[in-house]
Amino acid sequence: MKQIRLDKFLAENGAGTRSQVKKYIRQKQVQVNGEIITSPEYKLSPFQDQVLLRGTPLIPLPEFEYYLFHKPAGCVSAVSDSRHKTVMDYFRGYRSDLFPVGRLDKDTEGLLLITNDGALAHFLLAPGKHVDKTYYARISGKATQEDIQLLSQGVDIGEKRLTLPARLEILSVSQEENQWFSEIKLTIREGKFHQVKRMMHVLGKEVLYLKRLSMGSLQLDPSLKPGAFRALTEEEIASLKEL
Ligand code: URA
């Protein structure tokens with residue numbers, strides 16, 4: 001069984017930030033197996049040793065947690081940022097080792113997986129894995145059959161290679177005050193910076209609204225409002241790991 005530092009154990013199990021819990025340890029508020037421990041580096045086995053904070057047992061959380069987050073516009077996909085609100089601001093009070101799997105632009109909404117499972121994140125983001133990501137977008141201009149064709153062949157967005165074949169579905173094309181707009185669904189298998197916006201730009205269109213609907217087998221839950229999240233079900237976790 002993996003051993004971890006006492007301060008890490010306390011912080012990961014909701015006792016406070018790393019610096020707060022170090023203070024509690026030095027103030028003799030923490031016992032391990034009935035003994036007061038004053039060293040934050042003390043090593044323990046999370047599921048074997050009994051830890052008390054001010055006399056109350058700390059029950060270890062499961063090793064990994066997975067949340068389906070409906071990212072709202074206006075926050076950045078980072079763990080911390082000195083200027084902007086981050087997606088992790090929505091998880092205040094949750095374990096401190098959670099992070100977003102990949103990035104959505106500040107103005108993009110939709111599905112973001114939040115977890116502390118580094119191996120799964122690495123797998124989902126690995127360029128060679130080509131995990132499908134489907135977006136809904138409202139764009140300027142008329143989406144056409146030719147766009148479907150071009151995107152299915154790959155387009156030049158200024159990277160070393162053309163984009164991998166992508167699937168474009170045209171949901172609607174409409175005209176408002178002499179301007180054309182389209183609603184589309186686009187499935188891509190990569191995750192380059194601003195990828196959807198750059199692909200649309202090549203077609204002479206501008207993304208006006210962008211929302212991620214799915215990543216691999218994971219779908220955005222329509223009952224989650226922007227800013228809301230829920231834990232993944234066992235089935236959702238299993239099918240993501242099966243990918
Ligand atoms: N493509 C973009 O252009 N932006 C995103 O946020 C995600 C994909």
# chains A, B, ... in the order shown; residues from 1 in each chain; ligands from 1
$ residues_near_ligand --ligand "ligand 1" --cutoff "6 Å" --atoms "only C-alpha atoms and all ligand atoms" --output "ChimeraX atom specification"
/A:104-105,108,194-197
$ write_last_selection --atoms "N, CA, C and O atoms" --output "short mmCIF file (atom, residue, chain, number, x, y, z; two decimals), in the first residue's frame"
data_model
loop_
_atom_site.label_atom_id
_atom_site.label_comp_id
_atom_site.auth_asym_id
_atom_site.auth_seq_id
_atom_site.Cartn_x
_atom_site.Cartn_y
_atom_site.Cartn_z
N LEU A 104 -10.64 24.31 -22.60
CA LEU A 104 -11.61 24.99 -23.46
C LEU A 104 -11.28 26.48 -23.35
O LEU A 104 -10.86 26.94 -22.28
N ASP A 105 -11.48 27.21 -24.45
CA ASP A 105 -11.21 28.65 -24.40
C ASP A 105 -12.09 29.33 -23.36
O ASP A 105 -13.15 28.81 -22.99
N THR A 108 -15.60 29.52 -24.43
CA THR A 108 -16.26 28.26 -24.82
C THR A 108 -16.97 27.65 -23.61
O THR A 108 -16.46 27.70 -22.49
N HIS A 194 -7.30 26.52 -30.04
CA HIS A 194 -8.34 27.19 -30.84
C HIS A 194 -8.71 26.39 -32.09
O HIS A 194 -9.01 26.97 -33.14
N GLN A 195 -8.67 25.07 -32.00
CA GLN A 195 -8.77 24.28 -33.22
C GLN A 195 -10.05 24.52 -34.02
O GLN A 195 -10.01 24.71 -35.24
N VAL A 196 -11.20 24.51 -33.35
CA VAL A 196 -12.46 24.67 -34.10
C VAL A 196 -12.50 26.07 -34.74
O VAL A 196 -12.85 26.22 -35.91
N LYS A 197 -12.09 27.08 -33.97
CA LYS A 197 -12.12 28.45 -34.50
C LYS A 197 -11.20 28.57 -35.72
O LYS A 197 -11.54 29.21 -36.72
#
$ select_by_dssp --residues "chain A" --states "helix (DSSP H, G or I)" --output "PDB file with N, CA and C atoms, in the first residue's frame"
ATOM      1  N   LEU A   6       1.875  13.026   5.751  1.00  0.00           N
ATOM      2  CA  LEU A   6       0.726  13.396   6.589  1.00  0.00           C
ATOM      3  C   LEU A   6       0.063  14.695   6.099  1.00  0.00           C
ATOM      4  N   ASP A   7       0.858  15.706   5.746  1.00  0.00           N
ATOM      5  CA  ASP A   7       0.248  16.980   5.313  1.00  0.00           C
ATOM      6  C   ASP A   7      -0.520  16.799   4.003  1.00  0.00           C
ATOM      7  N   LYS A   8       0.000  15.956   3.114  1.00  0.00           N
ATOM      8  CA  LYS A   8      -0.678  15.678   1.841  1.00  0.00           C
ATOM      9  C   LYS A   8      -1.997  14.939   2.114  1.00  0.00           C
ATOM     10  N   PHE A   9      -1.933  13.957   2.992  1.00  0.00           N
ATOM     11  CA  PHE A   9      -3.138  13.193   3.337  1.00  0.00           C
ATOM     12  C   PHE A   9      -4.226  14.132   3.879  1.00  0.00           C
ATOM     13  N   LEU A  10      -3.829  15.019   4.800  1.00  0.00           N
ATOM     14  CA  LEU A  10      -4.818  15.929   5.407  1.00  0.00           C
ATOM     15  C   LEU A  10      -5.404  16.867   4.346  1.00  0.00           C
ATOM     16  N   ALA A  11      -4.542  17.434   3.494  1.00  0.00           N
ATOM     17  CA  ALA A  11      -5.016  18.387   2.481  1.00  0.00           C
ATOM     18  C   ALA A  11      -5.915  17.689   1.470  1.00  0.00           C
ATOM     19  N   GLU A  12      -5.547  16.479   1.072  1.00  0.00           N
ATOM     20  CA  GLU A  12      -6.344  15.765   0.062  1.00  0.00           C
ATOM     21  C   GLU A  12      -7.664  15.268   0.607  1.00  0.00           C
ATOM     22  N   ARG A  18      -2.601  23.030   2.101  1.00  0.00           N
ATOM     23  CA  ARG A  18      -1.344  22.415   2.555  1.00  0.00           C
ATOM     24  C   ARG A  18      -0.728  23.237   3.693  1.00  0.00           C
ATOM     25  N   SER A  19      -0.766  24.585   3.569  1.00  0.00           N
ATOM     26  CA  SER A  19      -0.134  25.393   4.624  1.00  0.00           C
ATOM     27  C   SER A  19      -0.975  25.386   5.903  1.00  0.00           C
ATOM     28  N   GLN A  20      -2.318  25.344   5.771  1.00  0.00           N
ATOM     29  CA  GLN A  20      -3.155  25.273   6.982  1.00  0.00           C
ATOM     30  C   GLN A  20      -2.881  23.975   7.745  1.00  0.00           C
ATOM     31  N   VAL A  21      -2.837  22.861   6.977  1.00  0.00           N
ATOM     32  CA  VAL A  21      -2.701  21.581   7.684  1.00  0.00           C
ATOM     33  C   VAL A  21      -1.321  21.448   8.328  1.00  0.00           C
ATOM     34  N   LYS A  22      -0.312  22.072   7.728  1.00  0.00           N
ATOM     35  CA  LYS A  22       1.030  22.039   8.350  1.00  0.00           C
ATOM     36  C   LYS A  22       0.975  22.713   9.722  1.00  0.00           C
ATOM     37  N   LYS A  23       0.193  23.817   9.761  1.00  0.00           N
ATOM     38  CA  LYS A  23       0.045  24.537  11.035  1.00  0.00           C
ATOM     39  C   LYS A  23      -0.655  23.647  12.073  1.00  0.00           C
ATOM     40  N   TYR A  24      -1.729  22.957  11.624  1.00  0.00           N
ATOM     41  CA  TYR A  24      -2.449  22.081  12.564  1.00  0.00           C
ATOM     42  C   TYR A  24      -1.512  21.011  13.116  1.00  0.00           C
ATOM     43  N   ILE A  25      -0.649  20.484  12.229  1.00  0.00           N
ATOM     44  CA  ILE A  25       0.266  19.415  12.669  1.00  0.00           C
ATOM     45  C   ILE A  25       1.226  19.979  13.723  1.00  0.00           C
ATOM     46  N   ARG A  26       1.798  21.159  13.418  1.00  0.00           N
ATOM     47  CA  ARG A  26       2.772  21.745  14.355  1.00  0.00           C
ATOM     48  C   ARG A  26       2.094  22.127  15.667  1.00  0.00           C
ATOM     49  N   VAL A  87     -11.814  27.378 -13.848  1.00  0.00           N
ATOM     50  CA  VAL A  87     -12.810  26.311 -13.681  1.00  0.00           C
ATOM     51  C   VAL A  87     -12.710  25.701 -12.283  1.00  0.00           C
ATOM     52  N   MET A  88     -11.498  25.721 -11.690  1.00  0.00           N
ATOM     53  CA  MET A  88     -11.351  25.107 -10.375  1.00  0.00           C
ATOM     54  C   MET A  88     -11.954  25.974  -9.267  1.00  0.00           C
ATOM     55  N   ASP A  89     -12.252  27.231  -9.562  1.00  0.00           N
ATOM     56  CA  ASP A  89     -12.950  28.054  -8.557  1.00  0.00           C
ATOM     57  C   ASP A  89     -14.323  27.471  -8.241  1.00  0.00           C
ATOM     58  N   TYR A  90     -14.867  26.679  -9.182  1.00  0.00           N
ATOM     59  CA  TYR A  90     -16.175  26.047  -8.944  1.00  0.00           C
ATOM     60  C   TYR A  90     -16.044  24.830  -8.022  1.00  0.00           C
ATOM     61  N   PHE A  91     -14.800  24.416  -7.754  1.00  0.00           N
ATOM     62  CA  PHE A  91     -14.569  23.214  -6.934  1.00  0.00           C
ATOM     63  C   PHE A  91     -13.900  23.577  -5.601  1.00  0.00           C
ATOM     64  N   GLY A 118      -4.415  11.242 -13.148  1.00  0.00           N
ATOM     65  CA  GLY A 118      -3.445  11.723 -14.143  1.00  0.00           C
ATOM     66  C   GLY A 118      -3.279  10.753 -15.311  1.00  0.00           C
ATOM     67  N   ALA A 119      -3.355   9.456 -15.027  1.00  0.00           N
ATOM     68  CA  ALA A 119      -3.142   8.472 -16.097  1.00  0.00           C
ATOM     69  C   ALA A 119      -4.283   8.546 -17.104  1.00  0.00           C
ATOM     70  N   LEU A 120      -5.512   8.675 -16.618  1.00  0.00           N
ATOM     71  CA  LEU A 120      -6.657   8.754 -17.548  1.00  0.00           C
ATOM     72  C   LEU A 120      -6.563  10.054 -18.365  1.00  0.00           C
ATOM     73  N   ALA A 121      -6.208  11.146 -17.698  1.00  0.00           N
ATOM     74  CA  ALA A 121      -6.093  12.435 -18.395  1.00  0.00           C
ATOM     75  C   ALA A 121      -5.042  12.340 -19.496  1.00  0.00           C
ATOM     76  N   HIS A 122      -3.927  11.744 -19.156  1.00  0.00           N
ATOM     77  CA  HIS A 122      -2.834  11.592 -20.123  1.00  0.00           C
ATOM     78  C   HIS A 122      -3.320  10.795 -21.341  1.00  0.00           C
ATOM     79  N   PHE A 123      -4.057   9.734 -21.050  1.00  0.00           N
ATOM     80  CA  PHE A 123      -4.566   8.876 -22.121  1.00  0.00           C
ATOM     81  C   PHE A 123      -5.537   9.659 -23.020  1.00  0.00           C
ATOM     82  N   LEU A 124      -6.478  10.386 -22.386  1.00  0.00           N
ATOM     83  CA  LEU A 124      -7.502  11.091 -23.176  1.00  0.00           C
ATOM     84  C   LEU A 124      -6.899  12.206 -24.018  1.00  0.00           C
ATOM     85  N   LEU A 125      -5.796  12.788 -23.532  1.00  0.00           N
ATOM     86  CA  LEU A 125      -5.211  13.940 -24.231  1.00  0.00           C
ATOM     87  C   LEU A 125      -4.078  13.557 -25.179  1.00  0.00           C
ATOM     88  N   PRO A 127      -1.887  12.849 -28.114  1.00  0.00           N
ATOM     89  CA  PRO A 127      -2.182  13.161 -29.514  1.00  0.00           C
ATOM     90  C   PRO A 127      -2.427  11.909 -30.349  1.00  0.00           C
ATOM     91  N   GLY A 128      -1.752  10.818 -30.028  1.00  0.00           N
ATOM     92  CA  GLY A 128      -1.901   9.599 -30.832  1.00  0.00           C
ATOM     93  C   GLY A 128      -3.210   8.854 -30.593  1.00  0.00           C
ATOM     94  N   LYS A 129      -3.927   9.216 -29.558  1.00  0.00           N
ATOM     95  CA  LYS A 129      -5.137   8.443 -29.212  1.00  0.00           C
ATOM     96  C   LYS A 129      -6.356   8.861 -30.024  1.00  0.00           C
ATOM     97  N   GLN A 145     -22.082  21.939 -48.369  1.00  0.00           N
ATOM     98  CA  GLN A 145     -21.607  20.576 -48.642  1.00  0.00           C
ATOM     99  C   GLN A 145     -20.098  20.594 -48.907  1.00  0.00           C
ATOM    100  N   GLU A 146     -19.639  21.671 -49.522  1.00  0.00           N
ATOM    101  CA  GLU A 146     -18.201  21.771 -49.812  1.00  0.00           C
ATOM    102  C   GLU A 146     -17.392  21.824 -48.494  1.00  0.00           C
ATOM    103  N   ASP A 147     -17.947  22.526 -47.496  1.00  0.00           N
ATOM    104  CA  ASP A 147     -17.270  22.568 -46.185  1.00  0.00           C
ATOM    105  C   ASP A 147     -17.176  21.159 -45.589  1.00  0.00           C
ATOM    106  N   ILE A 148     -18.278  20.407 -45.731  1.00  0.00           N
ATOM    107  CA  ILE A 148     -18.290  19.025 -45.214  1.00  0.00           C
ATOM    108  C   ILE A 148     -17.153  18.238 -45.864  1.00  0.00           C
ATOM    109  N   GLN A 149     -17.053  18.399 -47.168  1.00  0.00           N
ATOM    110  CA  GLN A 149     -16.044  17.695 -47.954  1.00  0.00           C
ATOM    111  C   GLN A 149     -14.623  18.103 -47.517  1.00  0.00           C
ATOM    112  N   LEU A 150     -14.410  19.435 -47.451  1.00  0.00           N
ATOM    113  CA  LEU A 150     -13.074  19.929 -47.098  1.00  0.00           C
ATOM    114  C   LEU A 150     -12.644  19.435 -45.719  1.00  0.00           C
ATOM    115  N   LEU A 151     -13.576  19.524 -44.747  1.00  0.00           N
ATOM    116  CA  LEU A 151     -13.215  19.127 -43.381  1.00  0.00           C
ATOM    117  C   LEU A 151     -12.986  17.624 -43.285  1.00  0.00           C
ATOM    118  N   SER A 152     -13.673  16.875 -44.133  1.00  0.00           N
ATOM    119  CA  SER A 152     -13.492  15.414 -44.083  1.00  0.00           C
ATOM    120  C   SER A 152     -12.127  15.022 -44.672  1.00  0.00           C
ATOM    121  N   GLN A 153     -11.546  15.934 -45.470  1.00  0.00           N
ATOM    122  CA  GLN A 153     -10.222  15.648 -46.047  1.00  0.00           C
ATOM    123  C   GLN A 153      -9.089  16.209 -45.186  1.00  0.00           C
ATOM    124  N   GLN A 195      -8.671  25.068 -31.997  1.00  0.00           N
ATOM    125  CA  GLN A 195      -8.774  24.276 -33.222  1.00  0.00           C
ATOM    126  C   GLN A 195     -10.050  24.524 -34.018  1.00  0.00           C
ATOM    127  N   VAL A 196     -11.197  24.515 -33.352  1.00  0.00           N
ATOM    128  CA  VAL A 196     -12.458  24.674 -34.096  1.00  0.00           C
ATOM    129  C   VAL A 196     -12.497  26.070 -34.738  1.00  0.00           C
ATOM    130  N   LYS A 197     -12.095  27.075 -33.974  1.00  0.00           N
ATOM    131  CA  LYS A 197     -12.123  28.449 -34.501  1.00  0.00           C
ATOM    132  C   LYS A 197     -11.197  28.569 -35.718  1.00  0.00           C
ATOM    133  N   ARG A 198     -10.036  27.940 -35.623  1.00  0.00           N
ATOM    134  CA  ARG A 198      -9.080  28.014 -36.747  1.00  0.00           C
ATOM    135  C   ARG A 198      -9.605  27.251 -37.956  1.00  0.00           C
ATOM    136  N   MET A 199     -10.270  26.117 -37.717  1.00  0.00           N
ATOM    137  CA  MET A 199     -10.819  25.352 -38.852  1.00  0.00           C
ATOM    138  C   MET A 199     -11.921  26.152 -39.548  1.00  0.00           C
ATOM    139  N   MET A 200     -12.749  26.820 -38.755  1.00  0.00           N
ATOM    140  CA  MET A 200     -13.826  27.622 -39.358  1.00  0.00           C
ATOM    141  C   MET A 200     -13.240  28.819 -40.102  1.00  0.00           C
ATOM    142  N   HIS A 201     -12.183  29.383 -39.545  1.00  0.00           N
ATOM    143  CA  HIS A 201     -11.539  30.541 -40.169  1.00  0.00           C
ATOM    144  C   HIS A 201     -11.050  30.183 -41.580  1.00  0.00           C
ATOM    145  N   VAL A 202     -10.494  28.979 -41.715  1.00  0.00           N
ATOM    146  CA  VAL A 202     -10.017  28.517 -43.026  1.00  0.00           C
ATOM    147  C   VAL A 202     -11.178  28.486 -44.027  1.00  0.00           C
ATOM    148  N   GLU A 234     -20.482   5.124 -12.354  1.00  0.00           N
ATOM    149  CA  GLU A 234     -19.525   4.017 -12.541  1.00  0.00           C
ATOM    150  C   GLU A 234     -19.445   3.627 -14.018  1.00  0.00           C
ATOM    151  N   GLU A 235     -20.615   3.630 -14.699  1.00  0.00           N
ATOM    152  CA  GLU A 235     -20.654   3.242 -16.129  1.00  0.00           C
ATOM    153  C   GLU A 235     -19.861   4.241 -16.967  1.00  0.00           C
ATOM    154  N   GLU A 236     -20.029   5.533 -16.678  1.00  0.00           N
ATOM    155  CA  GLU A 236     -19.303   6.558 -17.445  1.00  0.00           C
ATOM    156  C   GLU A 236     -17.792   6.398 -17.258  1.00  0.00           C
ATOM    157  N   ILE A 237     -17.389   6.114 -16.012  1.00  0.00           N
ATOM    158  CA  ILE A 237     -15.948   5.956 -15.749  1.00  0.00           C
ATOM    159  C   ILE A 237     -15.427   4.731 -16.503  1.00  0.00           C
ATOM    160  N   ALA A 238     -16.197   3.637 -16.414  1.00  0.00           N
ATOM    161  CA  ALA A 238     -15.750   2.400 -17.062  1.00  0.00           C
ATOM    162  C   ALA A 238     -15.644   2.596 -18.575  1.00  0.00           C
ATOM    163  N   SER A 239     -16.624   3.275 -19.190  1.00  0.00           N
ATOM    164  CA  SER A 239     -16.535   3.365 -20.657  1.00  0.00           C
ATOM    165  C   SER A 239     -15.438   4.335 -21.090  1.00  0.00           C
ATOM    166  N   LEU A 240     -15.130   5.341 -20.280  1.00  0.00           N
ATOM    167  CA  LEU A 240     -13.986   6.205 -20.619  1.00  0.00           C
ATOM    168  C   LEU A 240     -12.691   5.411 -20.580  1.00  0.00           C
ATOM    169  N   LYS A 241     -12.579   4.531 -19.570  1.00  0.00           N
ATOM    170  CA  LYS A 241     -11.340   3.745 -19.426  1.00  0.00           C
ATOM    171  C   LYS A 241     -11.215   2.687 -20.509  1.00  0.00           C
ATOM    172  N   GLU A 242     -12.362   2.294 -21.075  1.00  0.00           N
ATOM    173  CA  GLU A 242     -12.331   1.281 -22.130  1.00  0.00           C
ATOM    174  C   GLU A 242     -11.846   1.819 -23.466  1.00  0.00           C
TER     175      GLU A 242
END
$ closest_residue --among "A:Thr187, A:Gly227, A:Ala143, A:Leu203" --to "Val155 of chain A" --atoms "only C-alpha atoms"
A:Leu203
$ closest_residue --among "A:Gly216, A:Gly191, A:Gly158, A:Gly34" --to "Pro57 of chain A" --atoms "only C-alpha atoms"
A:Gly34
$ residues_around --residues "Ile59 of chain A" --least-positions-apart "4" --cutoff "12 Å" --atoms "only C-alpha atoms" --output "ChimeraX atom specification"
/A:9-10,12-15,46-53,63
$ write_last_selection --atoms "C-alpha atoms" --output "PDB file, in the first residue's frame"
ATOM      1  CA  PHE A   9      -3.138  13.193   3.337  1.00  0.00           C
ATOM      2  CA  LEU A  10      -4.818  15.929   5.407  1.00  0.00           C
ATOM      3  CA  GLU A  12      -6.344  15.765   0.062  1.00  0.00           C
ATOM      4  CA  ASN A  13      -9.008  14.694   2.497  1.00  0.00           C
ATOM      5  CA  GLY A  14     -10.538  18.080   3.045  1.00  0.00           C
ATOM      6  CA  ALA A  15      -8.794  19.196   6.264  1.00  0.00           C
ATOM      7  CA  PRO A  46      -4.082   6.069   4.059  1.00  0.00           C
ATOM      8  CA  PHE A  47      -6.311   3.007   4.334  1.00  0.00           C
ATOM      9  CA  GLN A  48      -4.518   1.397   7.304  1.00  0.00           C
ATOM     10  CA  ASP A  49      -3.507   4.138   9.696  1.00  0.00           C
ATOM     11  CA  GLN A  50      -6.103   6.051  11.711  1.00  0.00           C
ATOM     12  CA  VAL A  51      -5.755   9.828  11.558  1.00  0.00           C
ATOM     13  CA  LEU A  52      -7.557  12.168  13.970  1.00  0.00           C
ATOM     14  CA  LEU A  53      -7.798  15.934  13.558  1.00  0.00           C
ATOM     15  CA  GLU A  63      -8.050   7.459  -4.710  1.00  0.00           C
TER      16      GLU A  63
END
$ residues_around --residues "Gly154 of chain A" --least-positions-apart "4" --cutoff "8 Å" --atoms "only C-alpha atoms" --output "PyMOL selection string"
chain A and resi 150+162-166
$ write_last_selection --atoms "C-alpha atoms" --output "PDB file, in the first residue's frame"
ATOM      1  CA  LEU A 150     -13.074  19.929 -47.098  1.00  0.00           C
ATOM      2  CA  LEU A 162      -3.430  19.112 -42.238  1.00  0.00           C
ATOM      3  CA  THR A 163      -6.087  18.549 -39.578  1.00  0.00           C
ATOM      4  CA  LEU A 164      -7.261  14.963 -39.241  1.00  0.00           C
ATOM      5  CA  PRO A 165     -10.535  14.169 -41.028  1.00  0.00           C
ATOM      6  CA  ALA A 166     -13.394  15.842 -39.160  1.00  0.00           C
TER       7      ALA A 166
END
$ closest_residue --among "A:Leu208, A:Val30, A:Ile184, A:Leu68" --to "Asp107 of chain A" --atoms "only C-alpha atoms"
A:Leu208
$ residues_around --residues "segment 3-5 of chain A" --least-positions-apart "5" --cutoff "9 Å" --atoms "only C-alpha atoms" --output "VMD selection string"
chain A and resid 10 40 to 46
$ select_by_dssp --residues "segment 2-64 of chain A" --states "strand (DSSP E or B)" --output "MDAnalysis selection string"
chainID A and resid 4:5 30:32 35:36 43:44 51:53 56:57
$ write_last_selection --atoms "N, CA and C atoms" --output "CSV table (one decimal), in the first residue's frame"
chain,number,residue,atom,x,y,z
A,4,ILE,N,1.8,8.0,2.0
A,4,ILE,CA,1.9,9.4,1.6
A,4,ILE,C,2.2,10.3,2.9
A,5,ARG,N,2.6,11.5,2.6
A,5,ARG,CA,3.0,12.4,3.7
A,5,ARG,C,1.7,12.8,4.4
A,30,VAL,N,-3.0,16.9,15.5
A,30,VAL,CA,-3.2,15.7,14.6
A,30,VAL,C,-2.5,14.5,15.3
A,31,GLN,N,-3.3,13.4,15.3
A,31,GLN,CA,-2.8,12.1,15.9
A,31,GLN,C,-2.8,11.1,14.8
A,32,VAL,N,-1.8,10.2,14.7
A,32,VAL,CA,-1.9,9.0,13.9
A,32,VAL,C,-1.8,7.8,14.8
A,35,GLU,N,-1.1,8.6,18.4
A,35,GLU,CA,0.1,9.3,18.8
A,35,GLU,C,0.1,10.7,18.1
A,36,ILE,N,0.4,11.7,18.9
A,36,ILE,CA,0.5,13.1,18.3
A,36,ILE,C,1.7,13.1,17.4
A,43,LYS,N,5.2,9.8,7.2
A,43,LYS,CA,4.6,8.9,6.2
A,43,LYS,C,3.5,8.0,6.8
A,44,LEU,N,2.4,7.9,6.1
A,44,LEU,CA,1.3,7.0,6.6
A,44,LEU,C,0.7,6.2,5.5
A,51,VAL,N,-6.2,8.4,11.4
A,51,VAL,CA,-5.8,9.8,11.6
A,51,VAL,C,-6.9,10.6,12.2
A,52,LEU,N,-6.6,11.3,13.3
A,52,LEU,CA,-7.6,12.2,14.0
A,52,LEU,C,-7.1,13.6,13.9
A,53,LEU,N,-8.1,14.5,13.5
A,53,LEU,CA,-7.8,15.9,13.6
A,53,LEU,C,-8.7,16.5,14.7
A,56,THR,N,-11.3,14.1,15.8
A,56,THR,CA,-12.2,13.6,14.8
A,56,THR,C,-11.5,12.8,13.7
A,57,PRO,N,-12.0,11.5,13.5
A,57,PRO,CA,-11.3,10.7,12.4
A,57,PRO,C,-11.5,11.3,11.0
$ residues_around --residues "Gln219 of chain A" --least-positions-apart "6" --cutoff "12 Å" --atoms "only C-alpha atoms" --output "list of chain:residue names"
A:Leu68, A:Phe69, A:His70, A:Gly110, A:Leu111, A:Leu112, A:Leu113, A:Asp132, A:Lys133, A:Thr134, A:Tyr135, A:Lys211, A:Arg212, A:Leu213, A:Leu232, A:Thr233, A:Glu236, A:Ile237, A:Ser239, A:Leu240
$ decode --residues "segment 167-179 of chain A" --atoms "N, CA, C and O atoms" --output "PDB file, in the first residue's frame"
ATOM      1  N   ARG A 167     -15.784  15.496 -38.906  1.00  0.00           N
ATOM      2  CA  ARG A 167     -17.155  15.287 -39.392  1.00  0.00           C
ATOM      3  C   ARG A 167     -17.984  16.540 -39.117  1.00  0.00           C
ATOM      4  O   ARG A 167     -18.134  16.952 -37.968  1.00  0.00           O
ATOM      5  N   LEU A 168     -18.490  17.132 -40.189  1.00  0.00           N
ATOM      6  CA  LEU A 168     -19.333  18.329 -40.037  1.00  0.00           C
ATOM      7  C   LEU A 168     -20.779  17.961 -40.326  1.00  0.00           C
ATOM      8  O   LEU A 168     -21.083  17.338 -41.349  1.00  0.00           O
ATOM      9  N   GLU A 169     -21.649  18.363 -39.398  1.00  0.00           N
ATOM     10  CA  GLU A 169     -23.090  18.172 -39.614  1.00  0.00           C
ATOM     11  C   GLU A 169     -23.714  19.563 -39.602  1.00  0.00           C
ATOM     12  O   GLU A 169     -23.463  20.343 -38.662  1.00  0.00           O
ATOM     13  N   ILE A 170     -24.479  19.866 -40.644  1.00  0.00           N
ATOM     14  CA  ILE A 170     -25.106  21.197 -40.710  1.00  0.00           C
ATOM     15  C   ILE A 170     -26.494  21.089 -40.093  1.00  0.00           C
ATOM     16  O   ILE A 170     -27.342  20.330 -40.568  1.00  0.00           O
ATOM     17  N   LEU A 171     -26.723  21.829 -39.008  1.00  0.00           N
ATOM     18  CA  LEU A 171     -28.014  21.744 -38.311  1.00  0.00           C
ATOM     19  C   LEU A 171     -29.011  22.739 -38.877  1.00  0.00           C
ATOM     20  O   LEU A 171     -30.187  22.435 -39.018  1.00  0.00           O
ATOM     21  N   SER A 172     -28.536  23.931 -39.193  1.00  0.00           N
ATOM     22  CA  SER A 172     -29.436  24.932 -39.784  1.00  0.00           C
ATOM     23  C   SER A 172     -28.618  26.022 -40.474  1.00  0.00           C
ATOM     24  O   SER A 172     -27.458  26.259 -40.113  1.00  0.00           O
ATOM     25  N   VAL A 173     -29.234  26.650 -41.475  1.00  0.00           N
ATOM     26  CA  VAL A 173     -28.632  27.803 -42.140  1.00  0.00           C
ATOM     27  C   VAL A 173     -29.732  28.849 -42.205  1.00  0.00           C
ATOM     28  O   VAL A 173     -30.848  28.544 -42.610  1.00  0.00           O
ATOM     29  N   SER A 174     -29.450  30.041 -41.728  1.00  0.00           N
ATOM     30  CA  SER A 174     -30.525  31.048 -41.704  1.00  0.00           C
ATOM     31  C   SER A 174     -29.960  32.424 -42.045  1.00  0.00           C
ATOM     32  O   SER A 174     -28.747  32.660 -41.957  1.00  0.00           O
ATOM     33  N   GLN A 175     -30.883  33.306 -42.385  1.00  0.00           N
ATOM     34  CA  GLN A 175     -30.473  34.658 -42.761  1.00  0.00           C
ATOM     35  C   GLN A 175     -31.134  35.645 -41.810  1.00  0.00           C
ATOM     36  O   GLN A 175     -32.324  35.537 -41.516  1.00  0.00           O
ATOM     37  N   GLU A 176     -30.320  36.558 -41.278  1.00  0.00           N
ATOM     38  CA  GLU A 176     -30.878  37.614 -40.426  1.00  0.00           C
ATOM     39  C   GLU A 176     -30.304  38.928 -40.912  1.00  0.00           C
ATOM     40  O   GLU A 176     -29.081  39.098 -40.926  1.00  0.00           O
ATOM     41  N   GLU A 177     -31.185  39.836 -41.298  1.00  0.00           N
ATOM     42  CA  GLU A 177     -30.772  41.163 -41.800  1.00  0.00           C
ATOM     43  C   GLU A 177     -29.607  41.058 -42.797  1.00  0.00           C
ATOM     44  O   GLU A 177     -28.524  41.607 -42.573  1.00  0.00           O
ATOM     45  N   ASN A 178     -29.831  40.278 -43.848  1.00  0.00           N
ATOM     46  CA  ASN A 178     -28.836  40.126 -44.925  1.00  0.00           C
ATOM     47  C   ASN A 178     -27.556  39.401 -44.541  1.00  0.00           C
ATOM     48  O   ASN A 178     -26.603  39.387 -45.308  1.00  0.00           O
ATOM     49  N   GLN A 179     -27.503  38.872 -43.341  1.00  0.00           N
ATOM     50  CA  GLN A 179     -26.300  38.128 -42.937  1.00  0.00           C
ATOM     51  C   GLN A 179     -26.674  36.666 -42.773  1.00  0.00           C
ATOM     52  O   GLN A 179     -27.740  36.362 -42.227  1.00  0.00           O
TER      53      GLN A 179
END
